[in-house]
Amino acid sequence: MSGITAVLNTARNALLAQQVAMEVTSQNIANVNTLGYSRQRALLESMAANTAARVKVGYGVEVDSVFQYVDGFTERAIQTKTTAFDEYDAKAGILSHLEAIFNETSDEGLGFVMNEFWKAWQDVANNPGGIPERTAMIEKAQILVGRFNSMSHDLTQIRQSMNTNIGATIAEINTAIKGIAELNEKIVYAESNGTTANDLRDQRRVLLQELSSSIGTTSLEDPNGSMKVLTTDGLLLVDGNDFWGFELDIDQIYYNHVQSDVSNRIHGGKMEAWLDLRDETVPQYLANLDELAGTFIAEVNALHTAGFDLSGDTGNTFFEDFLAAPQTPNPGDYSQAAAYIRLSDDILNHPENIAAGGTSGDPGDNETALEILALQADDTVQIRKWVVENRGANLSSNLQSQTMDDYYSTLTGDLGVLVGENNQNRTFAETMLESLDRVRESVSGVNIDEEMMELIKIQRAYEAASKLVSIADEMLQSILEIR
């Protein structure tokens with residue numbers, strides 16, 4: 001084919017190619033605000049000439065493919081940093097609740113209440129026979145008991161709420177992996193003819209990022225366009241159009257309906273945050289709060305039972321003493337002590353039974369009251385510092401000698417350090433993620449100004465091809481008019 005007919009065919013091919021290019025550019029403009037959309041560009045290729053012809057002139061232009069601007073390294077880095085950021089972000093919210101429970105910036109904190117308890121003993125020591133001082137002592141002790149109880153309840157509630165969060169996150173994971181598996185099937189089918197399913201791939205990348213927000217993952221793409229997705233600990237989540245999810249049964253997490261707990265094989269994202277808080281952070285602070293409450297019971301009762309009340313009697317316990325199983329805490333075991341602690345029936349509503357005396361029940365005897373008051377500054381008190389690691393599998397303690405006030409101050413200080421470290425990690429991950437998002441936007445984002453310039457360029461090329469058709473038509477008319 002040559003001559004005017006060839007010119008018309010060349011112009012026709014040019015018009016068709018520019019139409020496709022305009023469609024692609026229009027798609028970019030339409031999706032300028034679409035989450036996860038990567039800009040595309042029609043790649044034009046010169047059509048080869050007839051190799052048998054003596055003079056080899058091409059047949060114009062055709063669309064070779066629609067290219068998608070995606071940087072695989074940046075996408076993987078974004079998924080990794082999304083996993084880190086959402087882990088620290090999820091922890092930050094719960095740690096702020098822990099800070100509120102251990103809040104010492106107001107007169108409602110346990111440290112302040114403990115100090116008021118010691119002051120009440122000072123008042124009793126100053127006037128050991130005074131009923132008003134003894135009544136005030138009971139009121140302050142009730143506040144102390146209530147603070148221990150409420151803190152234990154709040155910590156227990158936080159731990160239980162983690163299971164709610166875990167269940168919701170597992171639902172998100174299962175929804176995401178099901179969507180990825182379905183998109184794998186669509187992509188393989190759509191690309192079976194050699195084209196690239198760009199929009200489907202965008203949707204899959206969005207789901208991968210959502211999945212990485214919930215749990216740490218790695219992904220591998222097969223030659224046919226399908227993708228395998230695994231957790232960072234090697235649990236296969238997606239392979240082609242098959243997927244395997246999780247389910248929560250009380251405190252245990254099952255994989256693929258197999259009733260074997262895989263909690264220790266789940267890391268990264270919100271799941272790591274919820275599991276670390278549920279199985280490590282909250283249990284550790286609850287164990288140390290129990291240790292403090294149990295030490296209070298043991299130390300105060302040891303002195304109080306040996307003291308004399310106003311009737312000259314001994315043996316009255318100040319706090320309800322440790323009882324035998326199943327009533328806890330048991331002797332030597334302070335678990336649940338913060339929830340258990342309460343005033344004994346000997347003392348409650350009986351201020352005269354407070355044992356202030358050390359040798360008799362005389363109104364002026366304040367020896368036991370002074371001994372109990374001295375506990376505030378007694379740095380020889382034996383008290384354990386508990387550490388919970390490896391999702392609760394490793395529970396260890398270190399016996400220390402320090403005042404009970406210092407012990408509690410150490411707990412609040414450790415919490416402050418934990419919160420500070422988590423906030424630093426969160427800020428760093430957020431900064432890195434924002435930087436990577438800017439890189440992604442520069443590569444894959446749609447710039448309206450660029451697209452308008454591209455649109456004008458395509459328009460001019462289309463107009464030129466149209467003009468070519470018009471000129472070729474005029475040439476045909478000239479030939480037809482020859483007599």
# chains A, B, ... in the order shown; residues from 1 in each chain; ligands from 1
call {"tool": "residues_around", "arguments": {"residues": "Asp437 (chain A)", "least_positions_apart": "5", "cutoff": "10 Å", "atoms": "only C-alpha atoms", "output": "list in words"}}
result
Thr74, Glu75, Ala77, Ile78, Thr431, Met432, Ser442, Val443, Ser444 and Gly445 of chain A
call {"tool": "residues_around", "arguments": {"residues": "Ala356 (chain A)", "least_positions_apart": "3", "cutoff": "9 Å", "atoms": "only C-alpha atoms", "output": "number ranges by chain"}}
result
A: 121, 124-125, 128-129, 304, 307-310, 353, 361, 363, 365-370, 372
call {"tool": "closest_residue", "arguments": {"among": "A:Glu133, A:Glu210, A:Glu87, A:Asp64", "to": "Met271 (chain A)", "atoms": "only C-alpha atoms"}}
result
A:Glu87
call {"tool": "select_by_dssp", "arguments": {"residues": "region 173-356 of chain A", "states": "strand (DSSP E)", "output": "PyMOL selection string"}}
result
chain A and resi 217-221+227-231+236-239+242-243+246-249+252-255
call {"tool": "select_by_dssp", "arguments": {"residues": "region 104-273 of chain A", "states": "helix (DSSP H, G or I)", "output": "number ranges by chain"}}
result
A: 110-126, 131-190, 198-214, 263-265, 269-273
call {"tool": "atom_distance", "arguments": {"atom1": "CA of Arg41 (chain A)", "atom2": "CA of Gln68 (chain A)"}}
result
6.5 Å
call {"tool": "residues_around", "arguments": {"residues": "Ser150 (chain A)", "least_positions_apart": "6", "cutoff": "9 Å", "atoms": "only C-alpha atoms", "output": "CSV table (one decimal) with C-alpha atoms, in the first residue's frame"}}
result
chain,number,residue,atom,x,y,z
A,101,ILE,CA,-4.2,5.9,85.4
A,338,ALA,CA,-4.6,-4.2,94.2
A,339,ALA,CA,-8.1,-5.5,93.4
call {"tool": "closest_residue", "arguments": {"among": "A:Phe318, A:Leu211, A:Thr295, A:Ile4", "to": "Glu474 (chain A)", "atoms": "only C-alpha atoms"}}
result
A:Ile4
call {"tool": "closest_residue", "arguments": {"among": "A:Val387, A:Val258, A:Ile177, A:Ile448", "to": "Gln284 (chain A)", "atoms": "only C-alpha atoms"}}
result
A:Val387
call {"tool": "residues_around", "arguments": {"residues": "Gly109 (chain A)", "least_positions_apart": "3", "cutoff": "12 Å", "atoms": "only C-alpha atoms", "output": "ChimeraX atom specification"}}
result
/A:99-106,112-116,143-144,146-148,150-151,408-409,412
call {"tool": "atom_distance", "arguments": {"atom1": "CA of Ala14 (chain A)", "atom2": "CA of Thr195 (chain A)"}}
result
20.7 Å
call {"tool": "atom_distance", "arguments": {"atom1": "CA of Asn127 (chain A)", "atom2": "CA of Glu371 (chain A)"}}
result
14.8 Å
call {"tool": "residues_around", "arguments": {"residues": "region 29-32 of chain A", "least_positions_apart": "4", "cutoff": "8 Å", "atoms": "only C-alpha atoms", "output": "ChimeraX atom specification"}}
result
/A:25,37,445-448,451
call {"tool": "write_last_selection", "arguments": {"atoms": "C-alpha atoms", "output": "mmCIF file, in the first residue's frame"}}
result
data_model
loop_
_atom_site.group_PDB
_atom_site.id
_atom_site.type_symbol
_atom_site.label_atom_id
_atom_site.label_comp_id
_atom_site.auth_asym_id
_atom_site.auth_seq_id
_atom_site.Cartn_x
_atom_site.Cartn_y
_atom_site.Cartn_z
ATOM 1 C CA THR A 25 -4.627 11.503 30.079
ATOM 2 C CA TYR A 37 -3.962 5.944 41.881
ATOM 3 C CA GLY A 445 1.039 11.319 41.572
ATOM 4 C CA VAL A 446 -1.059 13.220 39.056
ATOM 5 C CA ASN A 447 -0.033 16.823 38.429
ATOM 6 C CA ILE A 448 -2.893 18.738 36.832
ATOM 7 C CA GLU A 451 -1.648 16.677 32.404
#
call {"tool": "closest_residue", "arguments": {"among": "A:Leu436, A:Lys467, A:Asp222, A:Leu43", "to": "Gln18 (chain A)", "atoms": "only C-alpha atoms"}}
result
A:Leu43
